[in-house]
$ cat entry_33.txt   # compact mmCIF, C-alpha atoms
# COMPACT_ATOMS: atom_id res chain seq x y z
CA MET A 619 17.82 -13.05 -88.47
CA ILE A 620 19.61 -10.07 -86.97
CA ILE A 621 23.37 -10.44 -87.31
CA MET A 622 25.58 -7.52 -86.49
CA LYS A 623 29.27 -7.50 -85.85
CA ASN A 624 30.21 -7.12 -82.20
CA ILE A 625 26.76 -7.84 -80.82
CA PRO A 626 26.84 -10.84 -78.43
CA LYS A 627 24.96 -13.79 -79.95
CA PRO A 628 22.33 -14.04 -77.14
CA ILE A 629 21.36 -10.39 -77.72
CA ALA A 630 21.20 -10.86 -81.51
CA ASP A 631 19.03 -13.97 -81.03
CA LEU A 632 16.64 -12.13 -78.71
CA ALA A 633 16.46 -9.20 -81.15
CA THR A 634 15.53 -11.68 -83.89
CA ALA A 635 12.72 -12.98 -81.66
CA PHE A 636 11.48 -9.45 -80.92
CA SER A 637 11.53 -8.58 -84.64
CA LYS A 638 8.73 -11.11 -85.19
CA LEU A 639 6.30 -8.88 -83.25
CA PRO A 640 4.02 -6.77 -85.47
CA GLY A 641 5.56 -3.50 -86.64
CA VAL A 642 8.94 -4.15 -84.97
CA GLY A 643 11.93 -3.59 -87.25
CA GLY A 644 15.57 -4.49 -86.67
CA LYS A 645 16.48 -1.28 -84.88
CA THR A 646 13.55 -1.39 -82.43
CA ALA A 647 14.10 -5.12 -81.84
CA LEU A 648 17.71 -4.43 -80.91
CA ARG A 649 16.63 -1.64 -78.56
CA TYR A 650 14.21 -4.04 -76.83
CA ALA A 651 16.92 -6.72 -76.58
CA TYR A 652 19.40 -4.29 -75.01
CA SER A 653 16.76 -3.22 -72.49
CA VAL A 654 16.47 -6.84 -71.34
CA VAL A 655 20.14 -6.72 -70.28
CA ASP A 656 19.21 -4.04 -67.72
CA MET A 657 16.08 -5.93 -66.59
CA GLN A 658 15.99 -7.90 -63.32
CA ARG A 659 16.16 -11.66 -63.92
CA SER A 660 12.91 -12.05 -61.97
CA ASP A 661 11.20 -9.63 -64.37
CA ALA A 662 12.49 -11.60 -67.36
CA GLU A 663 11.18 -14.82 -65.79
CA CYS A 664 7.81 -13.16 -65.16
CA PHE A 665 7.75 -12.06 -68.81
CA CYS A 666 8.33 -15.66 -69.94
CA ARG A 667 5.65 -17.03 -67.60
CA CYS A 668 3.13 -14.47 -68.94
CA MET A 669 3.99 -15.40 -72.51
CA LEU A 670 3.54 -19.15 -71.99
CA ALA A 671 0.35 -18.51 -69.97
CA VAL A 672 -1.12 -16.81 -73.04
CA LYS A 673 -0.25 -19.85 -75.16
CA ASP A 674 -1.59 -22.31 -72.56
CA GLU A 675 -4.65 -20.57 -71.07
CA VAL A 676 -6.13 -18.39 -73.79
CA LYS A 677 -8.63 -20.16 -76.04
CA PHE A 678 -11.64 -19.22 -78.14
CA CYS A 679 -15.07 -18.74 -76.56
CA LYS A 680 -17.05 -21.76 -77.74
CA LEU A 681 -20.02 -19.51 -78.53
CA CYS A 682 -18.68 -16.35 -80.17
CA GLY A 683 -15.01 -17.18 -80.91
CA ASN A 684 -13.67 -14.27 -78.83
CA LEU A 685 -10.46 -14.83 -76.84
CA THR A 686 -11.07 -15.95 -73.27
CA ASP A 687 -9.47 -17.98 -70.49
CA LYS A 688 -12.80 -19.63 -69.65
CA ASP A 689 -15.18 -21.82 -71.71
CA GLU A 690 -17.49 -18.94 -72.49
CA CYS A 691 -16.30 -15.33 -72.62
CA GLY A 692 -17.47 -12.62 -70.22
CA ILE A 693 -19.50 -10.91 -72.94
CA CYS A 694 -21.48 -14.03 -73.92
CA THR A 695 -22.28 -14.91 -70.30
CA THR A 696 -23.70 -11.52 -69.31
CA ARG A 697 -25.40 -9.88 -72.30
CA ASP A 698 -28.61 -10.01 -74.27
CA LYS A 699 -28.03 -12.34 -77.24
CA SER A 700 -30.66 -10.98 -79.66
CA LEU A 701 -28.20 -8.52 -81.25
CA ILE A 702 -25.01 -9.98 -82.76
CA CYS A 703 -22.13 -7.94 -84.17
CA VAL A 704 -19.94 -9.92 -86.60
CA VAL A 705 -16.23 -9.00 -86.69
CA ALA A 706 -13.24 -10.54 -88.44
CA TYR A 707 -10.75 -10.61 -85.53
CA PRO A 708 -10.76 -10.31 -81.71
CA LYS A 709 -8.92 -6.96 -82.05
CA ASP A 710 -11.89 -5.55 -83.98
CA LEU A 711 -14.17 -6.67 -81.15
CA LEU A 712 -12.13 -4.56 -78.70
CA ALA A 713 -12.53 -1.47 -80.88
CA ILE A 714 -16.32 -1.91 -81.17
CA GLU A 715 -16.50 -2.56 -77.43
CA LYS A 716 -14.82 0.80 -76.76
CA ALA A 717 -17.46 2.50 -78.91
CA GLY A 718 -20.06 1.47 -76.33
CA TYR A 719 -21.80 -1.42 -78.15
CA LYS A 720 -23.95 -3.47 -75.75
CA GLY A 721 -24.88 -6.64 -77.68
CA VAL A 722 -22.89 -9.85 -78.22
CA TYR A 723 -20.36 -10.66 -80.93
CA HIS A 724 -19.37 -13.32 -83.41
CA VAL A 725 -15.70 -13.49 -84.39
CA LEU A 726 -15.10 -15.02 -87.84
CA HIS A 727 -11.30 -15.28 -87.43
CA GLY A 728 -10.69 -14.00 -90.92
CA THR A 729 -12.41 -12.75 -94.05
CA LEU A 730 -13.16 -14.53 -97.30
CA SER A 731 -10.04 -14.43 -99.43
CA PRO A 732 -9.86 -16.88 -102.35
CA MET A 733 -6.32 -15.62 -103.10
CA ASP A 734 -5.11 -16.80 -99.68
CA GLY A 735 -7.22 -19.96 -99.82
CA ARG A 736 -9.72 -18.77 -97.18
CA GLY A 737 -13.21 -19.90 -98.19
CA PRO A 738 -16.41 -20.02 -96.08
CA ASN A 739 -15.28 -23.27 -94.40
CA GLU A 740 -12.15 -21.60 -93.01
CA LEU A 741 -14.23 -18.96 -91.20
CA ARG A 742 -16.63 -19.50 -88.29
CA ILE A 743 -19.70 -19.06 -90.51
CA LYS A 744 -21.37 -22.40 -89.70
CA GLU A 745 -21.17 -21.49 -86.00
CA LEU A 746 -22.83 -18.14 -86.77
CA LEU A 747 -25.72 -19.80 -88.63
CA SER A 748 -26.32 -22.14 -85.66
CA ARG A 749 -26.78 -19.12 -83.35
CA MET A 750 -29.72 -17.58 -85.22
CA GLY A 751 -32.49 -18.73 -82.84
CA GLY A 752 -33.98 -15.65 -81.15
CA VAL A 753 -31.70 -13.21 -82.96
CA SER A 754 -33.39 -10.02 -84.17
CA GLU A 755 -30.46 -8.33 -85.95
CA VAL A 756 -26.94 -9.12 -87.13
CA ILE A 757 -24.57 -6.17 -87.65
CA MET A 758 -21.74 -6.82 -90.12
CA ALA A 759 -18.66 -4.97 -88.84
CA THR A 760 -15.95 -6.26 -91.18
CA ASN A 761 -13.46 -3.79 -92.67
CA PRO A 762 -14.63 -1.60 -95.57
CA ASP A 763 -12.20 -3.23 -98.02
CA VAL A 764 -12.74 -5.77 -100.81
CA GLU A 765 -12.48 -8.84 -98.56
CA GLY A 766 -14.51 -7.33 -95.73
CA GLU A 767 -17.29 -6.20 -98.09
CA ALA A 768 -17.39 -9.60 -99.81
CA THR A 769 -17.60 -11.38 -96.46
CA ALA A 770 -20.42 -9.10 -95.29
CA MET A 771 -22.39 -9.65 -98.51
CA TYR A 772 -21.84 -13.43 -98.41
CA ILE A 773 -23.12 -13.74 -94.84
CA ALA A 774 -26.05 -11.35 -95.48
CA ARG A 775 -27.14 -13.57 -98.36
CA LEU A 776 -27.14 -16.60 -96.05
CA LEU A 777 -28.96 -14.93 -93.16
CA THR A 778 -31.67 -12.89 -94.89
CA PRO A 779 -33.62 -16.00 -96.10
CA MET A 780 -33.65 -17.14 -92.44
CA GLY A 781 -35.71 -14.03 -91.60
CA VAL A 782 -32.88 -12.25 -89.77
CA LYS A 783 -32.32 -8.53 -90.32
CA VAL A 784 -28.73 -7.97 -91.45
CA SER A 785 -27.17 -4.49 -91.30
CA ARG A 786 -23.76 -3.04 -92.16
CA ILE A 787 -21.91 -0.39 -90.16
CA ALA A 788 -22.15 2.99 -91.91
CA GLN A 789 -19.43 4.27 -94.20
CA GLY A 790 -18.67 7.96 -94.50
CA ILE A 791 -16.16 10.60 -93.48
CA SER A 792 -14.58 9.98 -90.06
CA MET A 793 -14.73 12.47 -87.19
CA GLY A 794 -12.00 15.13 -87.29
CA SER A 795 -11.01 14.25 -90.86
CA ASP A 796 -10.74 16.70 -93.74
CA ILE A 797 -13.15 16.58 -96.69
CA GLU A 798 -10.41 18.03 -98.89
CA TYR A 799 -8.33 14.89 -98.39
CA ALA A 800 -11.11 12.27 -98.22
CA ASP A 801 -10.94 9.68 -101.03
CA GLU A 802 -13.68 9.69 -103.66
CA VAL A 803 -15.20 6.31 -102.70
CA THR A 804 -15.64 7.40 -99.09
CA LEU A 805 -17.14 10.73 -100.14
CA SER A 806 -19.52 9.17 -102.64
CA ARG A 807 -20.75 6.72 -99.96
CA ALA A 808 -21.08 9.60 -97.48
CA LEU A 809 -23.21 11.49 -99.98
CA GLU A 810 -25.39 8.46 -100.76
CA ALA A 811 -25.95 7.72 -97.06
CA ARG A 812 -26.68 11.34 -96.12
CA ILE A 813 -29.20 11.85 -93.32
CA GLU A 814 -31.67 14.69 -92.82
CA ILE A 815 -30.82 17.12 -90.02
CA TYR A 816 -32.97 19.63 -88.13
CA MET W 560 -0.77 -2.61 -65.05
CA ILE W 561 -3.00 -2.88 -68.10
CA ILE W 562 -6.59 -3.68 -67.10
CA MET W 563 -9.28 -3.53 -69.70
CA LYS W 564 -12.74 -4.95 -69.55
CA ASN W 565 -13.24 -8.11 -71.58
CA ILE W 566 -9.55 -8.79 -72.14
CA PRO W 567 -8.57 -12.24 -70.80
CA LYS W 568 -6.25 -11.90 -67.79
CA PRO W 569 -3.27 -13.76 -69.38
CA ILE W 570 -3.30 -11.31 -72.31
CA ALA W 571 -3.58 -8.27 -70.00
CA ASP W 572 -0.68 -9.63 -67.91
CA LEU W 573 1.51 -10.15 -70.98
CA ALA W 574 0.64 -6.66 -72.25
CA THR W 575 1.74 -5.28 -68.86
CA ALA W 576 5.07 -7.12 -69.29
CA PHE W 577 5.51 -5.76 -72.83
CA SER W 578 4.72 -2.22 -71.65
CA LYS W 579 7.96 -2.28 -69.61
CA LEU W 580 10.01 -2.28 -72.83
CA PRO W 581 11.39 1.16 -73.81
CA GLY W 582 8.95 3.31 -75.77
CA VAL W 583 6.08 0.79 -75.61
CA GLY W 584 2.75 2.26 -74.51
CA GLY W 585 -0.43 0.46 -73.53
CA LYS W 586 -1.83 0.23 -77.04
CA THR W 587 1.35 -1.18 -78.60
CA ALA W 588 1.80 -3.58 -75.67
CA LEU W 589 -1.71 -4.92 -76.22
CA ARG W 590 -1.00 -5.32 -79.94
CA TYR W 591 2.14 -7.35 -79.14
CA ALA W 592 0.23 -9.49 -76.61
CA TYR W 593 -2.53 -10.25 -79.14
CA SER W 594 0.10 -11.26 -81.70
CA VAL W 595 1.43 -13.87 -79.26
CA VAL W 596 -1.98 -15.60 -79.41
CA ASP W 597 -1.37 -16.28 -83.11
CA MET W 598 2.24 -17.39 -82.52
CA GLN W 599 3.27 -21.07 -82.54
CA ARG W 600 3.91 -22.35 -79.02
CA SER W 601 7.42 -23.43 -80.12
CA ASP W 602 8.14 -19.82 -81.20
CA ALA W 603 6.95 -18.53 -77.82
CA GLU W 604 9.21 -21.06 -76.07
CA CYS W 605 12.13 -20.02 -78.27
CA PHE W 606 11.42 -16.38 -77.35
CA CYS W 607 11.59 -17.26 -73.64
CA ARG W 608 14.81 -19.24 -74.04
CA CYS W 609 16.42 -16.29 -75.88
CA MET W 610 15.33 -13.91 -73.15
CA LEU W 611 16.73 -16.01 -70.29
CA ALA W 612 19.92 -16.66 -72.30
CA VAL W 613 20.49 -12.89 -72.40
CA LYS W 614 20.10 -12.75 -68.61
CA ASP W 615 22.37 -15.78 -68.05
CA GLU W 616 25.08 -15.48 -70.70
CA VAL W 617 25.60 -11.78 -71.36
CA LYS W 618 28.11 -10.11 -69.09
CA PHE W 619 30.47 -7.15 -69.22
CA CYS W 620 33.87 -7.42 -70.93
CA LYS W 621 36.35 -7.34 -68.04
CA LEU W 622 38.55 -4.90 -69.96
CA CYS W 623 36.23 -2.35 -71.63
CA GLY W 624 32.82 -3.00 -70.02
CA ASN W 625 31.09 -3.73 -73.35
CA LEU W 626 28.45 -6.47 -73.43
CA THR W 627 29.81 -9.89 -74.40
CA ASP W 628 29.17 -13.59 -73.87
CA LYS W 629 32.91 -14.25 -73.37
CA ASP W 630 35.41 -12.95 -70.79
CA GLU W 631 36.83 -10.38 -73.16
CA CYS W 632 34.78 -8.86 -75.99
CA GLY W 633 35.55 -9.32 -79.68
CA ILE W 634 36.72 -5.72 -80.03
CA CYS W 635 39.24 -5.87 -77.16
CA THR W 636 40.76 -9.15 -78.37
CA THR W 637 41.42 -8.03 -81.95
CA ARG W 638 42.21 -4.32 -82.06
CA ASP W 639 45.02 -1.90 -81.39
CA LYS W 640 44.63 -0.63 -77.80
CA SER W 641 46.47 2.70 -78.11
CA LEU W 642 43.28 4.60 -79.04
CA ILE W 643 40.36 4.42 -76.56
CA CYS W 644 36.90 5.84 -77.19
CA VAL W 645 34.96 6.45 -73.95
CA VAL W 646 31.17 6.04 -74.15
CA ALA W 647 28.42 6.07 -71.53
CA TYR W 648 26.48 2.97 -72.62
CA PRO W 649 26.94 -0.14 -74.82
CA LYS W 650 24.30 1.29 -77.22
CA ASP W 651 26.55 4.31 -77.84
CA LEU W 652 29.40 1.95 -78.66
CA LEU W 653 27.29 0.36 -81.42
CA ALA W 654 26.59 3.76 -82.98
CA ILE W 655 30.30 4.71 -83.00
CA GLU W 656 31.15 1.29 -84.38
CA LYS W 657 28.82 1.87 -87.34
CA ALA W 658 30.62 5.16 -88.04
CA GLY W 659 33.73 3.11 -88.87
CA TYR W 660 35.86 3.70 -85.74
CA LYS W 661 38.78 1.25 -85.53
CA GLY W 662 40.15 1.64 -81.98
CA VAL W 663 38.97 0.09 -78.71
CA TYR W 664 36.34 1.38 -76.29
CA HIS W 665 35.70 2.00 -72.63
CA VAL W 666 32.08 1.84 -71.45
CA LEU W 667 31.42 3.90 -68.31
CA HIS W 668 27.90 2.50 -67.76
CA GLY W 669 26.49 5.91 -66.97
CA THR W 670 27.39 9.58 -66.69
CA LEU W 671 28.11 11.69 -63.62
CA SER W 672 24.77 12.77 -62.16
CA PRO W 673 24.79 14.06 -58.57
CA MET W 674 20.98 14.42 -58.76
CA ASP W 675 20.60 10.68 -59.34
CA GLY W 676 23.37 9.82 -56.88
CA ARG W 677 25.86 8.76 -59.59
CA GLY W 678 29.34 9.93 -58.61
CA PRO W 679 32.74 8.86 -60.04
CA ASN W 680 32.70 5.64 -58.00
CA GLU W 681 29.47 4.48 -59.67
CA LEU W 682 31.09 4.70 -63.13
CA ARG W 683 33.93 2.56 -64.49
CA ILE W 684 36.44 5.42 -64.18
CA LYS W 685 38.97 3.57 -62.00
CA GLU W 686 39.07 0.82 -64.62
CA LEU W 687 39.74 3.44 -67.31
CA LEU W 688 42.66 4.93 -65.36
CA SER W 689 44.23 1.48 -64.98
CA ARG W 690 44.25 1.05 -68.79
CA MET W 691 46.42 4.08 -69.56
CA GLY W 692 49.70 2.20 -70.19
CA GLY W 693 50.60 2.57 -73.88
CA VAL W 694 47.56 4.71 -74.70
CA SER W 695 48.22 7.65 -77.03
CA GLU W 696 44.76 9.24 -77.13
CA VAL W 697 41.39 9.00 -75.36
CA ILE W 698 38.33 10.24 -77.25
CA MET W 699 35.43 11.32 -75.03
CA ALA W 700 32.19 10.34 -76.82
CA THR W 701 29.61 11.08 -74.15
CA ASN W 702 26.39 12.87 -75.13
CA PRO W 703 26.55 16.67 -75.68
CA ASP W 704 24.28 17.38 -72.68
CA VAL W 705 25.03 18.69 -69.18
CA GLU W 706 25.86 15.27 -67.69
CA GLY W 707 27.83 14.08 -70.72
CA GLU W 708 29.88 17.28 -70.87
CA ALA W 709 30.57 17.18 -67.12
CA THR W 710 31.69 13.55 -67.34
CA ALA W 711 33.99 14.31 -70.28
CA MET W 712 35.56 17.28 -68.44
CA TYR W 713 35.98 15.28 -65.21
CA ILE W 714 37.79 12.43 -66.97
CA ALA W 715 39.91 14.81 -69.08
CA ARG W 716 41.11 16.49 -65.87
CA LEU W 717 42.18 13.10 -64.48
CA LEU W 718 43.92 11.87 -67.64
CA THR W 719 45.76 14.97 -68.86
CA PRO W 720 48.22 15.01 -65.90
CA MET W 721 49.06 11.38 -66.80
CA GLY W 722 50.39 12.63 -70.16
CA VAL W 723 47.49 11.23 -72.21
CA LYS W 724 45.97 13.29 -75.00
CA VAL W 725 42.22 13.64 -74.38
CA SER W 726 39.89 14.76 -77.19
CA ARG W 727 36.15 15.34 -77.50
CA ILE W 728 33.98 14.42 -80.51
CA ALA W 729 33.14 17.55 -82.52
CA GLN W 730 29.88 19.41 -82.02
CA GLY W 731 28.17 21.17 -84.89
CA ILE W 732 25.25 20.91 -87.28
CA SER W 733 24.38 17.35 -88.26
CA MET W 734 24.31 16.10 -91.85
CA GLY W 735 21.03 16.76 -93.66
CA SER W 736 19.79 19.15 -90.96
CA ASP W 737 18.54 22.67 -91.57
CA ILE W 738 20.48 25.70 -90.32
CA GLU W 739 17.16 27.58 -90.03
CA TYR W 740 16.02 25.20 -87.30
CA ALA W 741 19.35 24.53 -85.57
CA ASP W 742 19.42 25.66 -81.92
CA GLU W 743 21.67 28.58 -81.01
CA VAL W 744 24.11 26.57 -78.83
CA THR W 745 24.77 24.09 -81.64
CA LEU W 746 25.24 26.89 -84.18
CA SER W 747 27.56 28.88 -81.91
CA ARG W 748 29.71 25.77 -81.37
CA ALA W 749 29.67 25.05 -85.11
CA LEU W 750 30.92 28.60 -85.76
CA GLU W 751 33.64 28.38 -83.10
CA ALA W 752 34.89 25.03 -84.41
CA ARG W 753 34.81 26.09 -88.07
CA ILE W 754 37.51 24.57 -90.28
CA GLU W 755 39.25 26.04 -93.29
CA ILE W 756 38.24 24.57 -96.64
CA TYR W 757 39.96 24.60 -100.02

$ encode --input "entry_33.txt" --output "structure tokens"
Amino acid sequence: MIIMKNIPKPIADLATAFSKLPGVGGKTALRYAYSVVDMQRSDAECFCRCMLAVKDEVKFCKLCGNLTDKDECGICTTRDKSLICVVAYPKDLLAIEKAGYKGVYHVLHGTLSPMDGRGPNELRIKELLSRMGGVSEVIMATNPDVEGEATAMYIARLLTPMGVKVSRIAQGISMGSDIEYADEVTLSRALEARIEIY
Amino acid sequence: MIIMKNIPKPIADLATAFSKLPGVGGKTALRYAYSVVDMQRSDAECFCRCMLAVKDEVKFCKLCGNLTDKDECGICTTRDKSLICVVAYPKDLLAIEKAGYKGVYHVLHGTLSPMDGRGPNELRIKELLSRMGGVSEVIMATNPDVEGEATAMYIARLLTPMGVKVSRIAQGISMGSDIEYADEVTLSRALEARIEIY
């Protein structure tokens, strides 16, 4: 809770609410709260309506688990379903989408994490298995960290016996980065996965 | 307006609302909007209540123009009124307050800016003049830019004939900064305003 002397309580309360947004500290939250004072009341009302609309209208696509305001998301309704890209969160889907991917997705809504009590039943893995009819390839696009790798391996082990090809997005040095500062795990994977040129 | 393919309309609308906050670009706004999806509905409702409370309950202190939820702000009701610090905005007041200032304030709600159509009548200058009974000193704490300097000079010219001492916060190099990178105007003012030590 943000309490500061000589700040009116309504502003301190609003700053506390803003500070719950990701990456917003006390100082930024207070700046946002002060900006609301200068806002038109109609704009503030519009803000509130938008916020509650997200809570009331946004749900998960019953097929892929992406966020949507319909029963099935726009991606599932329009695209070829033989290629599925598996991601942990809807935000990851957006990033892959920007990279020009043209297949459909499956959003797990998390990664395996025994420490946080997230086992296979907490993720949308059963739903993924039930979608395997007519699928030629599943691309695992979870983060390249311990949990993401474990989740990718776990799902690959389930799908491969079903005759589905399972792939993993490549790991290596990122565009515009500096080899001098690349960590050793990344570099060793980049060396292993080297491809012939010319 | 934030429009992106495959983002549900309620989320895009909320991101557009967030992008009106100071310093929030499209990417950050979208991040905030996605975080609302994971928020409890009760938290979202609380957020909205806080926001409308700011619009409904926060007003200007009738004496100094600071933000308050009462008729007179906490600073005006408790402190000695013979020393007045003049600031442009309530945010500036907070900064001075943190520096340990113990007098009262006067918030102009802007600076003189003929370009933007802000003349003396748009600022709370008349209200400042009416507070001069029993005042020993007025400190001008407007920003050290063209508009802030002009506003400070304008008010000083009005107050000095009334027998009030008018001062300006010192300009010079800031703590922890580097003389090598200080601009020439700041350094020349720091040299002019040098003080004897030892």

$ atom_distance --input "entry_33.txt" --atom1 "atom CA of A:Val676" --atom2 "atom CA of A:Leu632"
24.1 Å

$ residues_around --input "entry_33.txt" --residues "A:Ser795" --least-positions-apart "6" --cutoff "12 Å" --atoms "all atoms listed in the file" --output "list in words"
Asp801, Thr804 and Leu805 of chain A

$ interface_residues --input "entry_33.txt" --of "chain W" --to "chain A" --cutoff "8 Å" --atoms "only C-alpha atoms" --output "MDAnalysis selection string"
chainID W and resid 565:570 572:573 576:577 580:581 590:591 593:596 600 603:607 609:614 616:617 626:628 632:634 650

$ atom_distance --input "entry_33.txt" --atom1 "atom CA of A:Ala808" --atom2 "atom CA of A:Glu767"
16.3 Å

$ atom_distance --input "entry_33.txt" --atom1 "atom CA of A:His727" --atom2 "atom CA of A:Tyr707"
5.1 Å

$ residues_around --input "entry_33.txt" --residues "stretch 718-723 of chain W" --least-positions-apart "5" --cutoff "9 Å" --atoms "all atoms listed in the file" --output "list in words"
Leu688, Met691, Val694, Ser695, Glu696, Val697 and Tyr713 of chain W

$ write_last_selection --input "entry_33.txt" --atoms "C-alpha atoms" --output "short mmCIF file (atom, residue, chain, number, x, y, z; two decimals), in the frame of the given file"
data_model
loop_
_atom_site.label_atom_id
_atom_site.label_comp_id
_atom_site.auth_asym_id
_atom_site.auth_seq_id
_atom_site.Cartn_x
_atom_site.Cartn_y
_atom_site.Cartn_z
CA LEU W 688 42.66 4.93 -65.36
CA MET W 691 46.42 4.08 -69.56
CA VAL W 694 47.56 4.71 -74.70
CA SER W 695 48.22 7.65 -77.03
CA GLU W 696 44.76 9.24 -77.13
CA VAL W 697 41.39 9.00 -75.36
CA TYR W 713 35.98 15.28 -65.21
#

$ closest_residue --input "entry_33.txt" --among "A:Gly644, A:Gly728, A:Gly718, A:Gly794" --to "A:Asn761" --atoms "only C-alpha atoms"
A:Gly728

$ closest_residue --input "entry_33.txt" --among "W:Thr636, W:Ser578, W:Ser747, W:Ser672" --to "W:Glu706" --atoms "all atoms listed in the file"
W:Ser672

$ closest_residue --input "entry_33.txt" --among "A:Gly721, A:Gly790, A:Gly643, A:Gly752" --to "A:Ile702" --atoms "all atoms listed in the file"
A:Gly721

$ closest_residue --input "entry_33.txt" --among "A:Cys679, A:Gly737, A:Leu726, A:Ile787" --to "A:Pro762" --atoms "only C-alpha atoms"
A:Ile787

$ residues_around --input "entry_33.txt" --residues "A:Leu681" --least-positions-apart "3" --cutoff "9 Å" --atoms "only C-alpha atoms" --output "PyMOL selection string"
chain A and resi 678+684+689-691+694+724+745-746+749

$ residues_around --input "entry_33.txt" --residues "W:Val663" --least-positions-apart "4" --cutoff "9 Å" --atoms "all atoms listed in the file" --output "mmCIF file with C-alpha atoms, in the frame of the given file"
data_model
loop_
_atom_site.group_PDB
_atom_site.id
_atom_site.type_symbol
_atom_site.label_atom_id
_atom_site.label_comp_id
_atom_site.auth_asym_id
_atom_site.auth_seq_id
_atom_site.Cartn_x
_atom_site.Cartn_y
_atom_site.Cartn_z
ATOM 1 C CA CYS W 623 36.230 -2.350 -71.630
ATOM 2 C CA ILE W 634 36.720 -5.720 -80.030
ATOM 3 C CA CYS W 635 39.240 -5.870 -77.160
ATOM 4 C CA ARG W 638 42.210 -4.320 -82.060
ATOM 5 C CA ASP W 639 45.020 -1.900 -81.390
ATOM 6 C CA LYS W 640 44.630 -0.630 -77.800
ATOM 7 C CA SER W 641 46.470 2.700 -78.110
ATOM 8 C CA LEU W 642 43.280 4.600 -79.040
ATOM 9 C CA ILE W 643 40.360 4.420 -76.560
ATOM 10 C CA CYS W 644 36.900 5.840 -77.190
ATOM 11 C CA VAL W 645 34.960 6.450 -73.950
#

$ decode --input "entry_33.txt" --residues "stretch 641-652 of chain W" --atoms "N, CA, C and O atoms" --output "CSV table (one decimal), in the first residue's frame"
chain,number,residue,atom,x,y,z
W,641,SER,N,3.8,32.1,7.1
W,641,SER,CA,4.6,33.3,6.7
W,641,SER,C,5.6,33.0,5.6
W,641,SER,O,6.2,33.9,5.0
W,642,LEU,N,5.9,31.7,5.3
W,642,LEU,CA,6.8,31.4,4.2
W,642,LEU,C,6.0,30.6,3.2
W,642,LEU,O,5.5,29.5,3.5
W,643,ILE,N,6.0,31.1,2.0
W,643,ILE,CA,5.2,30.5,0.9
W,643,ILE,C,6.1,30.0,-0.2
W,643,ILE,O,7.0,30.8,-0.7
W,644,CYS,N,6.0,28.8,-0.6
W,644,CYS,CA,6.8,28.3,-1.7
W,644,CYS,C,5.9,28.1,-2.9
W,644,CYS,O,4.9,27.4,-2.9
W,645,VAL,N,6.2,28.8,-4.0
W,645,VAL,CA,5.3,28.8,-5.2
W,645,VAL,C,5.8,27.7,-6.2
W,645,VAL,O,7.0,27.8,-6.6
W,646,VAL,N,4.9,26.8,-6.5
W,646,VAL,CA,5.3,25.8,-7.5
W,646,VAL,C,4.3,25.8,-8.7
W,646,VAL,O,3.2,26.3,-8.5
W,647,ALA,N,4.6,25.1,-9.8
W,647,ALA,CA,3.8,25.1,-10.9
W,647,ALA,C,2.7,24.1,-10.8
W,647,ALA,O,1.5,24.3,-11.1
W,648,TYR,N,3.1,22.9,-10.3
W,648,TYR,CA,2.1,21.7,-10.3
W,648,TYR,C,2.2,21.0,-8.9
W,648,TYR,O,3.2,21.0,-8.3
W,649,PRO,N,1.1,20.3,-8.6
W,649,PRO,CA,1.1,19.5,-7.3
W,649,PRO,C,2.2,18.5,-7.2
W,649,PRO,O,2.7,18.3,-6.2
W,650,LYS,N,2.7,18.0,-8.4
W,650,LYS,CA,3.8,17.0,-8.4
W,650,LYS,C,5.1,17.7,-7.9
W,650,LYS,O,5.9,17.1,-7.2
W,651,ASP,N,5.2,19.0,-8.2
W,651,ASP,CA,6.4,19.7,-7.8
W,651,ASP,C,6.4,19.9,-6.3
W,651,ASP,O,7.4,19.8,-5.6
W,652,LEU,N,5.2,20.1,-5.8
W,652,LEU,CA,5.0,20.3,-4.3
W,652,LEU,C,5.5,19.0,-3.6
W,652,LEU,O,6.2,19.1,-2.6
